[in-house]
Structures are given as C-alpha cells and as structure tokens.
Amino acid sequence: MTAAAAAPAAQPARRRHASGARQRRWALYGSYAARGVFVVMFLVPPFYMLVTSLKSSGEISAQHGSPWLVHHPTLENFIYLVTYAPFRRYFLNTVWVTVCVVAVSMVISVLAAFALARIRFWGSSALATGVFLTYLIPESLLFIPLFQILGGLGLINSTWCLVLIYPTLAVPFCTWIMIGYFASIPKELDEAALIDGASWMQLLLRIFIPVAMPGIIAATIFAFTVSWVDFLYPLAYLYTSDQMVLNVGIIGDLVRGDVFEWGKIMAAALMAAAPPVVIYVFLMDYYVAGRPAGATKW
Amino acid sequence: MAQAGSIPIAETVGVRAPSSRGRLHDVMRRRSMVGFVMALPLIALIAGLVVYPAVYAIYLSLLNKPMTRFVGWHNFVFLLNRATFQMVVFQSVLFAVSAVVAKAFIGFVLAHLMHAIPSRRQRFYRGLLLIPWVIPLALSTLGWWWLFDPTYSALNWLLNQFGLPSVSWLGEPGWARFCMILVNTWWGEPFFMIMYLAALKSVPEQLFEAAAIDGATGLQKLRYITLPMMRNVISLTVLFSLIVTFANFDIVRILTNGGPLNTTHIFATYAFQVGIQSGNIPLGAAVSLFMLPVLAIAAVFVLRGVTPRSQEAM
C-alpha cells in the first residue's frame, strides 16, 4: 500500500523537476522583461529632460512631430547657461555652501561618533538615541522658527545661514553611520595603541579614521547630498540672486513672468543634477551606504 | 594638549599601575571628560538648532499674528475650523498613505525581480533603477512639471497617439493629487527596493529548500517564509518613508503650489504659504506643529525597531 502510493508520487516529482527548469527559465525571461519595463518607466523624466534641453525654444513651441524626439539638436541652452553670469553665481554659491557644510558636518560627526562609540561618558547612550531622533526630524517641521532665529542673527538672505543650518540635517545621520563603523573596529586595536602611549586624538586620527575610511566616504557623500539637493531652506531664506543656490535659482531666474524657457530650465536642471549623479556613477556602493538605505547595515 | 598629557599617564600606569584605586578613578573621569568634550559640538548643534527651535516653535504658535501677545490655543482652533486646513489634513494623509503603499508594493515586486537574476547582472539594473533617487528631487520634479505642462505635455501627446483625450494633469484636483503621488512614488521607490533586496538576500536559502521539499507553493513560501523574515525591514522602511513623505515639500511646491484652489496643499507647503509668504509666522508654526503627533508616533516605532541592533553594535 505504501509502496504503491510512493511510486506514483515519485513519477510526477521528476516530471515536475523538468518542467520546473523550464518554468524557471520563463520566470527569468519574465523578470527581465518586467525589469525592462520598470527601467524604462523610471528613466522617462530624465530622458525627456535631456531631449528638451537639446531643443531650441523655436522647436519646443512649434509643436510638430513627436515631443520625445529632437529634430535639430543644439547646445545653445547649455552655452547660454555657461556664459550666463547669475547661473555661474548660483553654481559657485552651491559649491561653496556644500564644501563648508561637508567640512563642518564631518568634523562634528566624526568627533562625536568616536566619543559615543568608544570613549563613552555619562549620558552617552541617551545622546546616541537623541542623535537618531534628530535624524528623523524633517526640515519642514522647524523652518518657521528657524526663519525667526536666523532673522535675529541677521543671516536671512545670506549663504551663511545655509552653512549654519544644513549641518542639523547632515550631522545626525553621519554620526549614526560613523558610530556603526567605529563600533565594528576591534577593541584590541585601541587598547594596544593606548598602551603604547597614544592619546585619544592620535587614536582617532591614526587608527580609527583610516580603518573606517569607507564609513567616512559614505558619510561625506551623505553630507554632500543633503546640502546639494535641499530646496526648502534656500527657498525660504534666500531671495536675491547673488546669494541664491542652484535648486531655487533655476526656477526663480528662468521663469520670467509667464514665459517658461523650458529648454534652458531643463538644461540648467541637468547641469545642477550632474554632480550627485557623477558621484553616484563612480562611487555607487558608498553612495548607497551613505543614504538612508545604508540603515540595512545595522 | 592630549598628546602632551597622555604620555606621562601611560608611563605612570606602566610603572605603578596597581598602586591606587583613586588614580584609576581619575583616569576614568578624565576619559569621560575627553569624550564629553569631543561630543560637545554635536550637543551644541542639536541644542541650539534643533531643540531650541522646536521649543520656540511651540512658543511662536501661541502668539497672535503681529507676535505681540499670547492667544493660547487660538491658532490651532482657528486652523481646525477652517475648511482649507481640513483639506490640508485630508490631502496630507491621502498623499502620504497612498504614496507609501505604492512605494512599498512596487519596491517589493522589484526586489523580487532583482533577486531572481544572477547577482553579476543585478548591479547594472540596480544602477539604472536607483537613478530617480539620485537626481535632486527639486530638479527631477521640474522635469515632471514639464511633462505635465498644460500646452506641451508630452504625456498627453502619447495619450493622443492612442486616441485618448488629453488630460489636464495639474489643473484638476483629482489628477493633480494623482500626479503628486506618482512623482513621489517614482522618486522614493528605489529606497524600498534596496532595503527589501538586502532583506531578501539575508533570508536563508535552506528555508525555501525545506519548503519546496514539503511541497509549498510560491504563494505559501511568500506568506510563511519571505514575509515573516522581512517583517522587521518592511515595517521600518514603511515607517521611515511615512515620516519623509508626510513632511515632503518639494513635489507639491513645484508641481501645483497647492492649487487648484488650495486642494492639493500638504502641511509643509501650507505652512510655507501661511508662514513665510503671507508673513503670519505664528499660524505657520502652528500648521507645522500639526505634523508633530504623526511624526512622533512613527519615530517612536522606528526607534524601537532600530535601537536594539545599534546597542548590540556598540
């Protein structure tokens, strides 16, 4: 009875195995196709931005033929922007703010992460939790009181205000990443260094920073991204074009009355988006580790 | 200072370390002092530019428009009774919930699609699929805005090619809401995909093999193995994204700026309009503070999910 039951059971199992292989192959093709569809859908807006940026204003407003194709490609939008003084000003302002923010944020967060991960002091674990909570505070919660505070400091309409407040967005997560990296360094290493007479500062500079370099790079990329992509703070706090940064400047400057210079807007947006995209292309793994998804690490 | 100070200490420890317990205590106290000093810039930053503004926001929200006297809860009551604000609450919840659900679902599907292919090629596809997340949101939203343009919309051109009528994407409340959710889903979905893919890779293969031997169907494997193993990551990702989406500003500000007729405002854009553009700082602060309960609840749950692992790491 049991043998009779077992024999037919073995038969379909083998057949199922053969069809399983075919099924798996089809599943593989299917998933490639589905992924292809998703990739196309995801790339539509950047592609269309690129197409538009290569058209002249005349071609955009003429509206014949497919808007998805370029009939007479031209670089005039890019050339216009490169030679357009305010745009260069926005670019330089953005670079300057970003460099300052990255430097300030990295110094603060590496020191703090080292203290929180290794030295410890009274209240350090509460502070670590507080840092994480701070990271969860969105910028749109506090921009109105900050407007008043910055006004009191006389920093409204000055790039300095961004240098002052962007670290509040960058430092918590940078610290959090660095705590993770520092904590993974074996304790024997710093004990050995301390016995050899190294100071805490030497320990940090000579051992922790070199060993945790991937974390440093990821945190730097995060700080860079925060200050490069932000839109709310500059929109709220800056208004003259000599202090403006890219994201806000592009919209404010190229929309003149009801005339939208779409070719130029798209070219400007692409140029402004280039630095993060270039970093992403060359340092993809660090980039991913340095964005919130890096949270999977812990 | 540290360099000069540390060497003698090391010497004394080496020469007569076992001599006194008091000295060890001193060293420990010194140690925690060094740690505190190193963390001081961080503490100053959080105290000065996060905690203080938060308290100040509450204070501001209790003032009248010219900020001359206390009006208590008046701003909050005023807002709650206002139809525009009720619309803002509705719209924010609709926006956040539907965008997060869409992102979670698409991210889950994509993570599974990615998991199915050999990991050598995953890198290439992952590289392409993450692009929406890499372009600064304000700039890619500009691209979307142009796609939705009333006269030149390239999406309408596609619809017309298939014989469908043009859609007034941003001119009609229903479509405008759809567009906002679409853009947010497009932008935020890679985050879900990466998180889920990492979680999927950490599910032990033996579990699936054992289930296959027991004759489990694909759906059963999903229901009884994949989902339970990913539960933590799914809930963390959803909560985290809920915070970010709920507080989003860029998309609505650029696409519609609240229009048509204030039907698409969410908290952040409405606070901006009231507080910065119309200059009613207390009322704007009150609008922002309405986000606080939702954010706080989500943050508490995120913290509960994250802290144990971080403590372990420390």
# chains A, B, ... in the order shown; residues from 1 in each chain; ligands from 1
>>> residues_around(residues="stretch 195-203 of chain B", least_positions_apart="5", cutoff="12 Å", atoms="only C-alpha atoms", output="ChimeraX atom specification")
/A:288-289,291-298 /B:103-117,119,122-123,126,188-190,208-209,221-222,225-238,240-241
>>> write_last_selection(atoms="N, CA and C atoms", output="compact mmCIF listing (two decimals), in the first residue's frame")
# COMPACT_ATOMS: atom_id res chain seq x y z
N VAL A 288 25.21 54.31 -1.89
CA VAL A 288 24.07 53.60 -1.30
C VAL A 288 24.24 53.48 0.20
N ALA A 289 25.49 53.21 0.65
CA ALA A 289 25.71 53.11 2.09
C ALA A 289 25.51 54.45 2.77
N ARG A 291 23.28 56.72 2.07
CA ARG A 291 21.92 57.23 2.07
C ARG A 291 21.14 56.39 3.06
N PRO A 292 19.92 56.81 3.40
CA PRO A 292 19.20 56.09 4.46
C PRO A 292 19.17 54.58 4.28
N ALA A 293 19.26 54.09 3.06
CA ALA A 293 19.21 52.64 2.88
C ALA A 293 20.40 51.97 3.52
N GLY A 294 21.47 52.73 3.78
CA GLY A 294 22.60 52.17 4.48
C GLY A 294 22.20 51.62 5.85
N ALA A 295 21.00 52.00 6.30
CA ALA A 295 20.49 51.53 7.58
C ALA A 295 20.43 50.01 7.62
N THR A 296 20.35 49.37 6.46
CA THR A 296 20.27 47.91 6.46
C THR A 296 21.52 47.30 7.08
N LYS A 297 22.60 48.04 7.02
CA LYS A 297 23.85 47.55 7.61
C LYS A 297 23.69 47.15 9.05
N TRP A 298 22.98 47.96 9.79
CA TRP A 298 22.88 47.65 11.21
C TRP A 298 21.61 46.88 11.48
N LYS B 103 4.79 52.73 -3.01
CA LYS B 103 6.24 52.50 -2.99
C LYS B 103 6.55 51.14 -2.40
N ALA B 104 5.86 50.80 -1.31
CA ALA B 104 6.15 49.52 -0.66
C ALA B 104 5.83 48.37 -1.61
N PHE B 105 4.70 48.48 -2.30
CA PHE B 105 4.29 47.39 -3.19
C PHE B 105 5.24 47.26 -4.38
N ILE B 106 5.50 48.37 -5.05
CA ILE B 106 6.38 48.31 -6.22
C ILE B 106 7.79 47.90 -5.80
N GLY B 107 8.23 48.44 -4.67
CA GLY B 107 9.56 48.08 -4.19
C GLY B 107 9.68 46.59 -3.92
N PHE B 108 8.61 46.02 -3.36
CA PHE B 108 8.60 44.59 -3.06
C PHE B 108 8.68 43.78 -4.35
N VAL B 109 7.87 44.16 -5.32
CA VAL B 109 7.88 43.46 -6.61
C VAL B 109 9.26 43.56 -7.26
N LEU B 110 9.80 44.78 -7.27
CA LEU B 110 11.10 44.99 -7.91
C LEU B 110 12.20 44.21 -7.21
N ALA B 111 12.16 44.20 -5.87
CA ALA B 111 13.20 43.46 -5.14
C ALA B 111 13.15 41.99 -5.52
N HIS B 112 11.93 41.45 -5.67
CA HIS B 112 11.82 40.05 -6.08
C HIS B 112 12.33 39.84 -7.49
N LEU B 113 12.02 40.77 -8.38
CA LEU B 113 12.51 40.66 -9.75
C LEU B 113 14.03 40.68 -9.77
N MET B 114 14.61 41.56 -8.95
CA MET B 114 16.06 41.68 -8.92
C MET B 114 16.67 40.42 -8.34
N HIS B 115 16.01 39.87 -7.32
CA HIS B 115 16.56 38.70 -6.63
C HIS B 115 16.59 37.49 -7.57
N ALA B 116 15.70 37.52 -8.58
CA ALA B 116 15.60 36.36 -9.47
C ALA B 116 16.77 36.26 -10.43
N ILE B 117 17.49 37.35 -10.67
CA ILE B 117 18.56 37.28 -11.67
C ILE B 117 19.91 37.11 -11.00
N SER B 119 23.55 37.61 -9.59
CA SER B 119 23.94 38.86 -8.93
C SER B 119 24.92 39.68 -9.77
N GLN B 122 22.74 42.00 -11.53
CA GLN B 122 21.92 42.84 -10.64
C GLN B 122 22.49 44.24 -10.55
N ARG B 123 23.81 44.31 -10.53
CA ARG B 123 24.47 45.58 -10.33
C ARG B 123 24.06 46.60 -11.39
N ARG B 126 20.37 47.51 -10.92
CA ARG B 126 20.23 48.32 -9.72
C ARG B 126 20.72 49.72 -10.00
N GLY B 188 10.74 57.83 -4.56
CA GLY B 188 11.07 57.15 -3.30
C GLY B 188 11.17 55.64 -3.40
N GLU B 189 10.74 55.10 -4.53
CA GLU B 189 10.67 53.65 -4.64
C GLU B 189 12.04 52.96 -4.56
N PRO B 190 13.13 53.53 -5.16
CA PRO B 190 14.42 52.84 -5.07
C PRO B 190 14.85 52.53 -3.64
N PHE B 208 13.77 27.94 2.00
CA PHE B 208 13.00 27.73 0.78
C PHE B 208 13.12 26.29 0.31
N GLU B 209 14.34 25.73 0.45
CA GLU B 209 14.53 24.34 0.03
C GLU B 209 13.65 23.42 0.86
N LYS B 221 5.28 30.06 0.14
CA LYS B 221 6.64 30.47 0.53
C LYS B 221 6.66 31.96 0.87
N LEU B 222 5.97 32.73 0.03
CA LEU B 222 5.91 34.17 0.26
C LEU B 222 5.27 34.47 1.61
N ILE B 225 7.37 32.29 4.66
CA ILE B 225 8.82 32.45 4.85
C ILE B 225 9.25 33.89 4.60
N THR B 226 9.03 34.37 3.36
CA THR B 226 9.58 35.66 2.98
C THR B 226 9.03 36.79 3.86
N LEU B 227 7.71 36.86 3.95
CA LEU B 227 7.13 37.99 4.69
C LEU B 227 7.52 37.97 6.16
N PRO B 228 7.42 36.83 6.86
CA PRO B 228 7.86 36.86 8.26
C PRO B 228 9.33 37.23 8.42
N MET B 229 10.18 36.73 7.51
CA MET B 229 11.60 37.04 7.65
C MET B 229 11.87 38.51 7.37
N MET B 230 11.04 39.14 6.54
CA MET B 230 11.28 40.52 6.18
C MET B 230 10.48 41.50 7.03
N ARG B 231 9.72 40.98 7.98
CA ARG B 231 8.75 41.82 8.67
C ARG B 231 9.40 43.07 9.26
N ASN B 232 10.55 42.85 9.92
CA ASN B 232 11.22 43.98 10.55
C ASN B 232 11.59 45.06 9.56
N VAL B 233 12.22 44.64 8.47
CA VAL B 233 12.67 45.61 7.48
C VAL B 233 11.48 46.31 6.84
N ILE B 234 10.42 45.55 6.56
CA ILE B 234 9.25 46.16 5.94
C ILE B 234 8.68 47.24 6.85
N SER B 235 8.52 46.93 8.13
CA SER B 235 7.89 47.92 9.00
C SER B 235 8.78 49.13 9.18
N LEU B 236 10.09 48.91 9.31
CA LEU B 236 11.00 50.05 9.46
C LEU B 236 10.97 50.95 8.23
N THR B 237 11.03 50.32 7.07
CA THR B 237 11.06 51.09 5.82
C THR B 237 9.79 51.89 5.66
N VAL B 238 8.66 51.24 5.95
CA VAL B 238 7.39 51.93 5.78
C VAL B 238 7.29 53.11 6.74
N PHE B 240 9.72 54.76 8.20
CA PHE B 240 10.68 55.78 7.83
C PHE B 240 10.19 56.59 6.64
N SER B 241 9.68 55.87 5.65
CA SER B 241 9.19 56.56 4.47
C SER B 241 7.96 57.40 4.78
>>> residues_around(residues="B:Ala154", least_positions_apart="4", cutoff="9 Å", atoms="only C-alpha atoms", output="PDB file with N, CA and C atoms, in the first residue's frame")
ATOM      1  N   TYR A  48      13.434  62.710 -20.907  1.00  0.00           N
ATOM      2  CA  TYR A  48      12.707  63.822 -21.520  1.00  0.00           C
ATOM      3  C   TYR A  48      13.362  65.162 -21.190  1.00  0.00           C
ATOM      4  N   SER A  66       6.794  64.357 -32.861  1.00  0.00           N
ATOM      5  CA  SER A  66       6.826  63.835 -31.506  1.00  0.00           C
ATOM      6  C   SER A  66       7.657  64.728 -30.599  1.00  0.00           C
ATOM      7  N   PRO A  67       7.137  65.069 -29.418  1.00  0.00           N
ATOM      8  CA  PRO A  67       7.957  65.852 -28.485  1.00  0.00           C
ATOM      9  C   PRO A  67       9.092  65.024 -27.896  1.00  0.00           C
ATOM     10  N   TRP A  68       9.047  63.711 -28.102  1.00  0.00           N
ATOM     11  CA  TRP A  68      10.054  62.833 -27.499  1.00  0.00           C
ATOM     12  C   TRP A  68      11.334  62.756 -28.335  1.00  0.00           C
TER      13      TRP A  68
ATOM     14  N   TRP B 146       7.266  69.708 -16.392  1.00  0.00           N
ATOM     15  CA  TRP B 146       7.295  69.943 -17.832  1.00  0.00           C
ATOM     16  C   TRP B 146       6.521  68.841 -18.562  1.00  0.00           C
ATOM     17  N   LEU B 147       6.605  67.606 -18.049  1.00  0.00           N
ATOM     18  CA  LEU B 147       5.820  66.522 -18.645  1.00  0.00           C
ATOM     19  C   LEU B 147       4.320  66.763 -18.480  1.00  0.00           C
ATOM     20  N   PHE B 148       3.962  67.436 -17.389  1.00  0.00           N
ATOM     21  CA  PHE B 148       2.543  67.683 -17.103  1.00  0.00           C
ATOM     22  C   PHE B 148       2.062  69.019 -17.659  1.00  0.00           C
ATOM     23  N   ASP B 149       2.919  69.731 -18.359  1.00  0.00           N
ATOM     24  CA  ASP B 149       2.577  71.082 -18.818  1.00  0.00           C
ATOM     25  C   ASP B 149       1.259  71.086 -19.601  1.00  0.00           C
ATOM     26  N   LEU B 158       1.384  61.318 -26.026  1.00  0.00           N
ATOM     27  CA  LEU B 158       1.331  59.855 -26.062  1.00  0.00           C
ATOM     28  C   LEU B 158      -0.117  59.365 -25.996  1.00  0.00           C
ATOM     29  N   LEU B 159      -0.894  59.981 -25.083  1.00  0.00           N
ATOM     30  CA  LEU B 159      -2.297  59.576 -24.964  1.00  0.00           C
ATOM     31  C   LEU B 159      -3.021  59.802 -26.286  1.00  0.00           C
TER      32      LEU B 159
END
>>> residues_around(residues="A:Trp228", least_positions_apart="3", cutoff="12 Å", atoms="only C-alpha atoms", output="mmCIF file with N, CA and C atoms, in the first residue's frame")
data_model
loop_
_atom_site.group_PDB
_atom_site.id
_atom_site.type_symbol
_atom_site.label_atom_id
_atom_site.label_comp_id
_atom_site.auth_asym_id
_atom_site.auth_seq_id
_atom_site.Cartn_x
_atom_site.Cartn_y
_atom_site.Cartn_z
ATOM 1 N N TYR A 90 25.072 81.024 -9.013
ATOM 2 C CA TYR A 90 24.340 80.003 -8.249
ATOM 3 C C TYR A 90 25.201 78.769 -8.063
ATOM 4 N N PHE A 91 25.890 78.413 -9.143
ATOM 5 C CA PHE A 91 26.702 77.203 -9.081
ATOM 6 C C PHE A 91 27.808 77.369 -8.040
ATOM 7 N N LEU A 92 28.487 78.511 -8.100
ATOM 8 C CA LEU A 92 29.575 78.745 -7.146
ATOM 9 C C LEU A 92 29.042 78.814 -5.718
ATOM 10 N N ASN A 93 27.900 79.476 -5.526
ATOM 11 C CA ASN A 93 27.310 79.539 -4.191
ATOM 12 C C ASN A 93 27.017 78.143 -3.670
ATOM 13 N N THR A 94 26.438 77.317 -4.541
ATOM 14 C CA THR A 94 26.101 75.967 -4.107
ATOM 15 C C THR A 94 27.354 75.194 -3.730
ATOM 16 N N VAL A 95 28.403 75.323 -4.562
ATOM 17 C CA VAL A 95 29.650 74.613 -4.266
ATOM 18 C C VAL A 95 30.224 75.083 -2.936
ATOM 19 N N TRP A 96 30.221 76.368 -2.740
ATOM 20 C CA TRP A 96 30.803 76.947 -1.519
ATOM 21 C C TRP A 96 30.027 76.485 -0.284
ATOM 22 N N VAL A 97 28.689 76.547 -0.359
ATOM 23 C CA VAL A 97 27.883 76.090 0.774
ATOM 24 C C VAL A 97 28.159 74.616 1.035
ATOM 25 N N THR A 98 28.199 73.822 -0.037
ATOM 26 C CA THR A 98 28.370 72.384 0.128
ATOM 27 C C THR A 98 29.726 72.049 0.747
ATOM 28 N N VAL A 99 30.772 72.715 0.274
ATOM 29 C CA VAL A 99 32.104 72.438 0.829
ATOM 30 C C VAL A 99 32.130 72.754 2.319
ATOM 31 N N CYS A 100 31.585 73.912 2.690
ATOM 32 C CA CYS A 100 31.566 74.274 4.110
ATOM 33 C C CYS A 100 30.768 73.265 4.911
ATOM 34 N N VAL A 101 29.588 72.911 4.412
ATOM 35 C CA VAL A 101 28.714 72.024 5.167
ATOM 36 C C VAL A 101 29.372 70.660 5.345
ATOM 37 N N VAL A 102 29.992 70.159 4.275
ATOM 38 C CA VAL A 102 30.636 68.843 4.389
ATOM 39 C C VAL A 102 31.749 68.910 5.421
ATOM 40 N N LEU A 162 22.686 78.922 5.359
ATOM 41 C CA LEU A 162 22.653 77.514 4.958
ATOM 42 C C LEU A 162 23.818 76.755 5.574
ATOM 43 N N VAL A 163 24.992 77.406 5.613
ATOM 44 C CA VAL A 163 26.151 76.761 6.237
ATOM 45 C C VAL A 163 25.854 76.462 7.701
ATOM 46 N N TYR A 166 22.378 73.606 7.558
ATOM 47 C CA TYR A 166 22.448 72.285 6.909
ATOM 48 C C TYR A 166 23.087 71.212 7.798
ATOM 49 N N LEU A 169 20.835 68.859 9.428
ATOM 50 C CA LEU A 169 20.271 67.766 8.635
ATOM 51 C C LEU A 169 21.306 66.669 8.402
ATOM 52 N N ALA A 170 22.588 67.071 8.259
ATOM 53 C CA ALA A 170 23.615 66.097 7.869
ATOM 54 C C ALA A 170 24.221 65.368 9.064
ATOM 55 N N ILE A 221 29.501 61.619 1.493
ATOM 56 C CA ILE A 221 28.543 61.667 0.392
ATOM 57 C C ILE A 221 27.170 62.081 0.912
ATOM 58 N N PHE A 222 26.814 61.572 2.093
ATOM 59 C CA PHE A 222 25.516 61.961 2.646
ATOM 60 C C PHE A 222 25.462 63.469 2.903
ATOM 61 N N ALA A 223 26.508 63.988 3.536
ATOM 62 C CA ALA A 223 26.525 65.423 3.833
ATOM 63 C C ALA A 223 26.473 66.241 2.546
ATOM 64 N N PHE A 224 27.212 65.786 1.550
ATOM 65 C CA PHE A 224 27.187 66.456 0.248
ATOM 66 C C PHE A 224 25.773 66.466 -0.322
ATOM 67 N N THR A 225 25.127 65.290 -0.297
ATOM 68 C CA THR A 225 23.796 65.185 -0.885
ATOM 69 C C THR A 225 22.817 66.111 -0.188
ATOM 70 N N PHE A 231 15.913 72.146 -0.936
ATOM 71 C CA PHE A 231 15.124 73.108 -1.690
ATOM 72 C C PHE A 231 14.371 74.060 -0.759
ATOM 73 N N LEU A 232 13.892 73.521 0.363
ATOM 74 C CA LEU A 232 13.045 74.322 1.239
ATOM 75 C C LEU A 232 13.795 75.477 1.888
ATOM 76 N N TYR A 233 14.945 75.199 2.483
ATOM 77 C CA TYR A 233 15.654 76.256 3.211
ATOM 78 C C TYR A 233 16.061 77.411 2.303
ATOM 79 N N PRO A 234 16.731 77.140 1.173
ATOM 80 C CA PRO A 234 17.071 78.292 0.319
ATOM 81 C C PRO A 234 15.838 79.032 -0.197
ATOM 82 N N VAL A 245 21.178 79.745 -4.437
ATOM 83 C CA VAL A 245 21.800 78.477 -4.821
ATOM 84 C C VAL A 245 21.009 77.867 -5.983
ATOM 85 N N LEU A 246 21.558 76.812 -6.549
ATOM 86 C CA LEU A 246 21.039 76.291 -7.818
ATOM 87 C C LEU A 246 19.557 75.928 -7.822
ATOM 88 N N ASN A 247 19.156 75.045 -6.891
ATOM 89 C CA ASN A 247 17.817 74.470 -6.995
ATOM 90 C C ASN A 247 16.730 75.529 -7.058
ATOM 91 N N VAL A 248 16.893 76.580 -6.260
ATOM 92 C CA VAL A 248 15.882 77.628 -6.240
ATOM 93 C C VAL A 248 16.138 78.637 -7.365
ATOM 94 N N ALA A 272 22.702 71.021 -12.878
ATOM 95 C CA ALA A 272 22.694 71.042 -11.414
ATOM 96 C C ALA A 272 22.640 69.629 -10.843
ATOM 97 N N ALA A 273 22.024 68.709 -11.597
ATOM 98 C CA ALA A 273 21.919 67.336 -11.102
ATOM 99 C C ALA A 273 23.178 66.540 -11.385
ATOM 100 N N ALA A 274 24.069 67.090 -12.223
ATOM 101 C CA ALA A 274 25.236 66.309 -12.649
ATOM 102 C C ALA A 274 26.154 65.895 -11.503
ATOM 103 N N PRO A 275 26.532 66.810 -10.585
ATOM 104 C CA PRO A 275 27.498 66.370 -9.559
ATOM 105 C C PRO A 275 27.043 65.150 -8.748
ATOM 106 N N PRO A 276 25.812 65.152 -8.187
ATOM 107 C CA PRO A 276 25.419 63.930 -7.467
ATOM 108 C C PRO A 276 25.406 62.694 -8.363
ATOM 109 N N VAL A 277 24.965 62.860 -9.611
ATOM 110 C CA VAL A 277 24.888 61.693 -10.491
ATOM 111 C C VAL A 277 26.289 61.163 -10.797
ATOM 112 N N VAL B 134 18.707 59.507 -7.168
ATOM 113 C CA VAL B 134 19.984 60.214 -7.158
ATOM 114 C C VAL B 134 19.828 61.656 -7.646
ATOM 115 N N ILE B 135 18.915 61.882 -8.588
ATOM 116 C CA ILE B 135 18.696 63.236 -9.080
ATOM 117 C C ILE B 135 18.026 64.040 -7.961
ATOM 118 N N PRO B 136 18.530 65.232 -7.676
ATOM 119 C CA PRO B 136 17.874 66.042 -6.640
ATOM 120 C C PRO B 136 16.380 66.175 -6.920
ATOM 121 N N LEU B 137 15.581 65.949 -5.874
ATOM 122 C CA LEU B 137 14.132 65.879 -6.062
ATOM 123 C C LEU B 137 13.570 67.148 -6.699
ATOM 124 N N ALA B 138 14.064 68.308 -6.268
ATOM 125 C CA ALA B 138 13.512 69.551 -6.804
ATOM 126 C C ALA B 138 13.728 69.622 -8.315
ATOM 127 N N LEU B 139 14.847 69.067 -8.791
ATOM 128 C CA LEU B 139 15.158 69.170 -10.212
ATOM 129 C C LEU B 139 14.393 68.146 -11.038
#
>>> closest_atom_pairs(of="chain A", to="chain B", cutoff="6 Å", atoms="only C-alpha atoms", output="tab-separated table")
residue	atom	partner	partner_atom	distance
A:Ser31	CA	B:Leu113	CA	5.3
A:Val39	CA	B:Leu129	CA	5.9
A:Pro45	CA	B:Gly143	CA	5.8
A:Met49	CA	B:Gly143	CA	5.7
A:Pro67	CA	B:Ala154	CA	5.9
A:Ile108	CA	B:Pro41	CA	5.9
A:Leu111	CA	B:Met38	CA	5.3
A:Ala112	CA	B:Ala39	CA	4.2
A:Ala115	CA	B:Gly35	CA	4.6
A:Ile119	CA	B:Gly35	CA	5.4
A:Phe121	CA	B:Ser32	CA	4.5
A:Ser140	CA	B:Ala268	CA	5.6
A:Leu141	CA	B:Ser288	CA	5.3
A:Ile144	CA	B:Ala285	CA	5.8
A:Pro145	CA	B:Ala57	CA	5.2
A:Ala183	CA	B:Met314	CA	5.4
A:Gly197	CA	B:Ile7	CA	5.2
A:Ser199	CA	B:Ser6	CA	5.3
A:Val229	CA	B:Pro136	CA	4.9
A:Ala269	CA	B:Leu139	CA	5.4
A:Ala273	CA	B:Ile135	CA	5.6
A:Ala293	CA	B:Met195	CA	5.9
>>> residues_around(residues="A:Leu50", least_positions_apart="5", cutoff="8 Å", atoms="only C-alpha atoms", output="number ranges by chain")
A: 266-267, 270
>>> write_last_selection(atoms="C-alpha atoms", output="compact mmCIF listing (two decimals), in the first residue's frame")
# COMPACT_ATOMS: atom_id res chain seq x y z
CA MET A 266 15.87 71.57 -18.36
CA ALA A 267 19.50 72.22 -19.32
CA LEU A 270 20.58 68.62 -15.77
>>> select_by_dssp(residues="stretch 140-255 of chain B", states="helix (DSSP H, G or I)", output="PyMOL selection string")
chain B and resi 140-147+154-161+173-201+205-213+218-246+250-255
